[in-house]
file model_10.cif (mmCIF, C-alpha atoms)
data_upload
loop_
_atom_site.group_PDB
_atom_site.id
_atom_site.type_symbol
_atom_site.label_atom_id
_atom_site.label_comp_id
_atom_site.auth_asym_id
_atom_site.auth_seq_id
_atom_site.Cartn_x
_atom_site.Cartn_y
_atom_site.Cartn_z
ATOM 1 C CA MET A 15 138.631 152.085 98.780
ATOM 2 C CA PHE A 16 138.815 152.285 94.952
ATOM 3 C CA ASP A 17 141.903 152.188 92.754
ATOM 4 C CA ASP A 18 142.729 154.733 90.058
ATOM 5 C CA ASP A 19 141.435 152.499 87.265
ATOM 6 C CA ALA A 20 138.026 152.159 88.920
ATOM 7 C CA ILE A 21 137.843 155.918 89.518
ATOM 8 C CA GLU A 22 138.718 156.682 85.894
ATOM 9 C CA ALA A 23 136.321 154.102 84.457
ATOM 10 C CA ALA A 24 133.501 155.556 86.558
ATOM 11 C CA ARG A 25 134.384 159.091 85.468
ATOM 12 C CA LYS A 26 134.137 158.086 81.815
ATOM 13 C CA THR A 27 130.782 156.398 82.371
ATOM 14 C CA PHE A 28 129.282 159.465 84.016
ATOM 15 C CA ALA A 29 130.790 161.749 81.367
ATOM 16 C CA GLY A 30 128.639 159.966 78.773
ATOM 17 C CA PRO A 31 124.934 160.384 78.000
ATOM 18 C CA ILE A 32 122.606 160.793 81.007
ATOM 19 C CA ALA A 33 118.984 161.835 80.636
ATOM 20 C CA PHE A 34 115.807 162.121 82.676
ATOM 21 C CA LEU A 35 113.456 159.304 81.672
ATOM 22 C CA LYS A 36 110.244 159.642 83.679
ATOM 23 C CA SER A 37 108.554 160.139 87.026
ATOM 24 C CA ALA A 38 106.552 157.275 88.492
ATOM 25 C CA PRO A 39 103.767 158.109 90.989
ATOM 26 C CA ALA A 40 102.860 154.424 91.386
ATOM 27 C CA LEU A 41 104.311 150.996 90.635
ATOM 28 C CA GLN A 42 102.356 150.576 87.403
ATOM 29 C CA HIS A 43 104.228 153.576 86.007
ATOM 30 C CA LEU A 44 107.721 152.150 86.577
ATOM 31 C CA PRO A 45 109.902 151.687 83.489
ATOM 32 C CA GLY A 46 110.671 148.161 82.342
ATOM 33 C CA ALA A 47 112.977 146.214 84.657
ATOM 34 C CA ASP A 48 115.551 145.702 81.922
ATOM 35 C CA VAL A 49 118.735 147.257 83.355
ATOM 36 C CA PRO A 50 120.295 147.538 86.853
ATOM 37 C CA GLU A 51 119.145 150.399 89.086
ATOM 38 C CA VAL A 52 120.802 152.318 91.929
ATOM 39 C CA ALA A 53 118.457 154.376 94.093
ATOM 40 C CA PHE A 54 119.133 157.488 96.164
ATOM 41 C CA ALA A 55 117.216 157.994 99.414
ATOM 42 C CA GLY A 56 117.490 160.708 102.037
ATOM 43 C CA ARG A 57 115.724 163.298 104.121
ATOM 44 C CA SER A 58 114.041 165.998 102.095
ATOM 45 C CA ASN A 59 116.741 168.568 102.991
ATOM 46 C CA VAL A 60 119.815 166.332 102.772
ATOM 47 C CA GLY A 61 121.056 167.756 99.469
ATOM 48 C CA LYS A 62 120.030 164.864 97.243
ATOM 49 C CA SER A 63 119.487 166.915 94.082
ATOM 50 C CA SER A 64 122.824 168.679 94.494
ATOM 51 C CA LEU A 65 124.600 165.356 94.977
ATOM 52 C CA LEU A 66 122.968 163.817 91.903
ATOM 53 C CA ASN A 67 123.962 166.845 89.849
ATOM 54 C CA ALA A 68 127.553 166.653 91.139
ATOM 55 C CA LEU A 69 127.664 162.907 90.526
ATOM 56 C CA THR A 70 126.555 163.273 86.918
ATOM 57 C CA GLY A 71 128.398 166.519 86.227
ATOM 58 C CA ARG A 72 125.129 168.210 85.196
ATOM 59 C CA LYS A 73 124.055 171.419 86.868
ATOM 60 C CA ALA A 74 120.326 170.808 86.804
ATOM 61 C CA LEU A 75 119.728 167.162 85.896
ATOM 62 C CA ALA A 76 117.967 166.233 89.129
ATOM 63 C CA ARG A 77 115.743 169.300 88.923
ATOM 64 C CA THR A 78 114.433 168.609 85.419
ATOM 65 C CA SER A 79 111.785 166.369 86.942
ATOM 66 C CA VAL A 80 111.028 168.413 90.025
ATOM 67 C CA THR A 81 107.809 170.256 89.235
ATOM 68 C CA PRO A 82 104.792 170.795 91.482
ATOM 69 C CA GLY A 83 103.051 167.506 92.148
ATOM 70 C CA ARG A 84 106.081 165.348 91.368
ATOM 71 C CA THR A 85 107.874 165.602 94.682
ATOM 72 C CA GLN A 86 106.377 162.315 95.897
ATOM 73 C CA GLU A 87 107.330 160.291 92.840
ATOM 74 C CA LEU A 88 110.239 158.071 91.840
ATOM 75 C CA ASN A 89 112.357 159.851 89.232
ATOM 76 C CA PHE A 90 114.339 157.717 86.769
ATOM 77 C CA PHE A 91 117.480 158.731 84.873
ATOM 78 C CA ASP A 92 119.004 156.720 82.025
ATOM 79 C CA VAL A 93 122.795 156.370 82.013
ATOM 80 C CA GLY A 94 124.717 155.374 78.884
ATOM 81 C CA ASP A 95 124.010 154.909 75.184
ATOM 82 C CA PRO A 96 123.336 152.078 74.768
ATOM 83 C CA LEU A 97 121.534 152.154 78.112
ATOM 84 C CA ALA A 98 123.748 150.686 80.864
ATOM 85 C CA PHE A 99 121.830 151.375 84.087
ATOM 86 C CA ARG A 100 119.431 153.788 85.756
ATOM 87 C CA LEU A 101 119.667 156.140 88.707
ATOM 88 C CA VAL A 102 116.493 156.428 90.769
ATOM 89 C CA ASP A 103 115.805 159.586 92.772
ATOM 90 C CA MET A 104 113.449 158.575 95.556
ATOM 91 C CA PRO A 105 111.167 161.143 97.221
ATOM 92 C CA GLY A 106 112.663 162.710 100.330
ATOM 93 C CA TYR A 107 111.497 161.472 103.697
ATOM 94 C CA GLY A 108 111.169 163.038 107.130
ATOM 95 C CA PHE A 109 108.320 165.416 106.372
ATOM 96 C CA ALA A 110 107.798 167.517 109.460
ATOM 97 C CA LYS A 111 104.675 169.235 108.120
ATOM 98 C CA ALA A 112 103.392 166.851 105.467
ATOM 99 C CA PRO A 113 99.789 165.598 105.701
ATOM 100 C CA LYS A 114 99.422 162.065 106.961
ATOM 101 C CA ASP A 115 98.001 160.844 103.645
ATOM 102 C CA VAL A 116 101.103 162.155 101.840
ATOM 103 C CA VAL A 117 103.398 160.339 104.253
ATOM 104 C CA ARG A 118 101.314 157.168 103.905
ATOM 105 C CA LYS A 119 101.468 157.351 100.094
ATOM 106 C CA TRP A 120 105.243 157.804 100.283
ATOM 107 C CA ARG A 121 105.629 154.778 102.545
ATOM 108 C CA PHE A 122 103.580 152.521 100.282
ATOM 109 C CA LEU A 123 105.337 153.640 97.099
ATOM 110 C CA VAL A 124 108.857 153.381 98.500
ATOM 111 C CA ASN A 125 108.253 150.155 100.409
ATOM 112 C CA ASP A 126 106.655 148.458 97.398
ATOM 113 C CA TYR A 127 109.471 149.613 95.119
ATOM 114 C CA LEU A 128 112.201 148.446 97.494
ATOM 115 C CA ARG A 129 110.609 145.055 98.079
ATOM 116 C CA GLY A 130 109.570 144.284 94.541
ATOM 117 C CA ARG A 131 112.237 145.693 92.225
ATOM 118 C CA ASP A 132 114.496 142.824 91.202
ATOM 119 C CA VAL A 133 116.866 145.068 89.221
ATOM 120 C CA LEU A 134 117.547 147.345 92.218
ATOM 121 C CA LYS A 135 121.192 146.610 93.010
ATOM 122 C CA ARG A 136 121.801 149.088 95.819
ATOM 123 C CA THR A 137 120.238 152.022 97.620
ATOM 124 C CA LEU A 138 122.445 154.922 98.667
ATOM 125 C CA VAL A 139 121.085 156.413 101.878
ATOM 126 C CA LEU A 140 122.222 160.020 102.196
ATOM 127 C CA ILE A 141 122.976 161.383 105.668
ATOM 128 C CA ASP A 142 123.641 165.053 106.458
ATOM 129 C CA ALA A 143 127.157 165.086 107.937
ATOM 130 C CA ARG A 144 126.224 168.011 110.183
ATOM 131 C CA HIS A 145 123.602 165.976 112.001
ATOM 132 C CA GLY A 146 124.559 162.330 111.579
ATOM 133 C CA LEU A 147 122.008 159.532 111.686
ATOM 134 C CA LYS A 148 118.533 160.468 112.882
ATOM 135 C CA ASP A 149 115.573 158.262 113.738
ATOM 136 C CA VAL A 150 113.965 158.937 110.338
ATOM 137 C CA ASP A 151 117.155 157.628 108.708
ATOM 138 C CA ARG A 152 117.030 154.531 110.861
ATOM 139 C CA GLU A 153 113.440 153.937 109.742
ATOM 140 C CA ILE A 154 114.488 153.724 106.081
ATOM 141 C CA MET A 155 117.423 151.532 107.118
ATOM 142 C CA ASP A 156 114.991 149.232 108.944
ATOM 143 C CA MET A 157 112.875 149.097 105.794
ATOM 144 C CA LEU A 158 115.910 148.184 103.678
ATOM 145 C CA ASP A 159 117.100 145.577 106.168
ATOM 146 C CA LYS A 160 113.676 143.913 106.204
ATOM 147 C CA ALA A 161 113.479 143.983 102.412
ATOM 148 C CA ALA A 162 117.041 142.560 102.201
ATOM 149 C CA VAL A 163 118.034 145.390 99.854
ATOM 150 C CA SER A 164 121.744 146.202 99.898
ATOM 151 C CA TYR A 165 122.428 149.814 100.855
ATOM 152 C CA ARG A 166 125.328 152.134 101.544
ATOM 153 C CA LEU A 167 125.404 155.199 103.781
ATOM 154 C CA VAL A 168 126.719 158.373 102.154
ATOM 155 C CA LEU A 169 127.468 161.514 104.136
ATOM 156 C CA THR A 170 126.557 164.773 102.387
ATOM 157 C CA LYS A 171 127.646 168.371 103.030
ATOM 158 C CA GLY A 172 131.010 167.217 104.371
ATOM 159 C CA ASP A 173 132.449 170.686 103.698
ATOM 160 C CA LYS A 174 130.079 172.247 106.221
ATOM 161 C CA ILE A 175 131.893 170.859 109.275
ATOM 162 C CA LYS A 176 135.505 170.638 110.422
ATOM 163 C CA PRO A 177 137.599 167.689 109.211
ATOM 164 C CA THR A 178 137.858 166.333 112.753
ATOM 165 C CA GLU A 179 134.074 166.459 113.128
ATOM 166 C CA LEU A 180 133.629 164.756 109.758
ATOM 167 C CA ALA A 181 135.988 161.987 110.825
ATOM 168 C CA GLU A 182 134.004 161.516 114.030
ATOM 169 C CA VAL A 183 130.595 161.354 112.340
ATOM 170 C CA THR A 184 132.012 158.981 109.708
ATOM 171 C CA ALA A 185 133.289 156.672 112.456
ATOM 172 C CA ARG A 186 129.963 156.777 114.333
ATOM 173 C CA THR A 187 128.029 156.061 111.151
ATOM 174 C CA ALA A 188 130.330 153.167 110.284
ATOM 175 C CA GLU A 189 129.817 151.646 113.727
ATOM 176 C CA GLU A 190 126.064 151.699 113.233
ATOM 177 C CA ALA A 191 126.347 150.302 109.705
ATOM 178 C CA LYS A 192 128.241 147.284 111.037
ATOM 179 C CA LYS A 193 125.183 146.309 113.079
ATOM 180 C CA ARG A 194 122.898 146.359 110.038
ATOM 181 C CA PRO A 195 122.480 143.152 107.993
ATOM 182 C CA ALA A 196 121.979 144.852 104.603
ATOM 183 C CA ALA A 197 124.361 147.807 105.041
ATOM 184 C CA HIS A 198 127.695 148.142 103.238
ATOM 185 C CA PRO A 199 130.406 148.566 105.895
ATOM 186 C CA ASP A 200 132.267 151.421 104.164
ATOM 187 C CA ILE A 201 130.946 154.973 104.517
ATOM 188 C CA LEU A 202 131.464 157.603 101.831
ATOM 189 C CA ALA A 203 131.855 161.254 102.871
ATOM 190 C CA THR A 204 131.020 163.726 100.115
ATOM 191 C CA SER A 205 130.576 167.390 99.296
ATOM 192 C CA SER A 206 128.606 168.564 96.283
ATOM 193 C CA GLU A 207 130.239 171.976 96.501
ATOM 194 C CA THR A 208 133.907 170.975 96.697
ATOM 195 C CA GLY A 209 133.638 167.669 94.838
ATOM 196 C CA VAL A 210 135.236 165.695 97.665
ATOM 197 C CA GLY A 211 134.126 162.061 97.567
ATOM 198 C CA ILE A 212 132.292 162.407 94.243
ATOM 199 C CA PRO A 213 134.787 160.290 92.221
ATOM 200 C CA GLU A 214 134.534 157.555 94.859
ATOM 201 C CA LEU A 215 130.735 157.779 94.814
ATOM 202 C CA ARG A 216 130.728 157.275 91.044
ATOM 203 C CA ALA A 217 132.956 154.228 91.484
ATOM 204 C CA ALA A 218 130.621 152.928 94.209
ATOM 205 C CA VAL A 219 127.661 153.151 91.827
ATOM 206 C CA ILE A 220 129.548 151.230 89.116
ATOM 207 C CA GLU A 221 130.650 148.648 91.692
ATOM 208 C CA ALA A 222 127.047 148.194 92.851
ATOM 209 C CA ILE A 223 125.675 147.360 89.414
ATOM 210 C CA GLY A 224 128.403 144.762 88.974
#
call {"tool": "encode", "arguments": {"input": "model_10.cif", "output": "structure tokens"}}
result
Amino acid sequence: MFDDDAIEAARKTFAGPIAFLKSAPALQHLPGADVPEVAFAGRSNVGKSSLLNALTGRKALARTSVTPGRTQELNFFDVGDPLAFRLVDMPGYGFAKAPKDVVRKWRFLVNDYLRGRDVLKRTLVLIDARHGLKDVDREIMDMLDKAAVSYRLVLTKGDKIKPTELAEVTARTAEEAKKRPAAHPDILATSSETGVGIPELRAAVIEAIG
């Protein structure tokens, strides 16, 4: 999927400066649209923070912004000095017990960001490998398709199932991605704990920003 040069170049990029910039509870709080952005979306228990920490090689980067009251905000991280691009940690979806007004606020914030952010180059939609695609995942995929925002499906927690099962869920996910107009056809399988797929994910981020 990626050659050694691309893997190494991505490793060097993510080994450089990365810092939490800000949390944005509404569109008027977004940082200036001056560099490319890659967003991370996923169910609230998909392991998004762990993946971001593994991706950046920082143990607690994604948690620096997670304080009470910020869980429904867009969190921005600057990569590079001089600034090269930003990672955007989107609030988790699929709230089983969240109040309706919280879910509504999330939908408006995320939908408005996805539709109106010109510098958003790609959204990485994280899928728990143990469960595969669920209807709540398909809802965000529908949103991305309608907004014509390029996205890529990334399996998380790949170490939690057998290799044969991981191969099967990867194949099923790829089949569904092929039917989606805005989805990247290649699926990445990752594990935050073992590091499998993390080098390729870094390369995928660099590829997305062009």
call {"tool": "residues_around", "arguments": {"input": "model_10.cif", "residues": "stretch 145-150 of chain A", "least_positions_apart": "4", "cutoff": "12 Å", "atoms": "all atoms listed in the file", "output": "MDAnalysis selection string"}}
result
chainID A and resid 55:60 106:110 139:141 154:157 167:172 174:175 179:191 203
call {"tool": "resolve_selection", "arguments": {"input": "model_10.cif", "expression": "the PyMOL selection byres ((chain A and resi 67) around 12)", "output": "number ranges by chain"}}
result
A: 28, 32-34, 61-66, 68-78, 91, 101, 103, 205-207, 209, 212, 216
call {"tool": "residues_around", "arguments": {"input": "model_10.cif", "residues": "A:Leu88", "least_positions_apart": "5", "cutoff": "6 Å", "atoms": "all atoms listed in the file", "output": "VMD selection string"}}
result
chain A and resid 37 to 38 103 to 104
call {"tool": "atom_distance", "arguments": {"input": "model_10.cif", "atom1": "atom CA of A:Thr137", "atom2": "atom CA of A:Arg166"}}
result
6.4 Å
call {"tool": "atom_distance", "arguments": {"input": "model_10.cif", "atom1": "atom CA of A:Thr204", "atom2": "atom CA of A:Ala143"}}
result
8.8 Å
call {"tool": "residues_near_point", "arguments": {"input": "model_10.cif", "point": "(132.6, 152.9, 90.4)", "cutoff": "8 Å", "atoms": "all atoms listed in the file", "output": "CSV table (one decimal) with C-alpha atoms, keeping the file's coordinate frame"}}
result
chain,number,residue,atom,x,y,z
A,16,PHE,CA,138.8,152.3,95.0
A,20,ALA,CA,138.0,152.2,88.9
A,21,ILE,CA,137.8,155.9,89.5
A,23,ALA,CA,136.3,154.1,84.5
A,24,ALA,CA,133.5,155.6,86.6
A,213,PRO,CA,134.8,160.3,92.2
A,214,GLU,CA,134.5,157.6,94.9
A,215,LEU,CA,130.7,157.8,94.8
A,216,ARG,CA,130.7,157.3,91.0
A,217,ALA,CA,133.0,154.2,91.5
A,218,ALA,CA,130.6,152.9,94.2
A,219,VAL,CA,127.7,153.2,91.8
A,220,ILE,CA,129.5,151.2,89.1
A,221,GLU,CA,130.6,148.6,91.7
A,222,ALA,CA,127.0,148.2,92.9
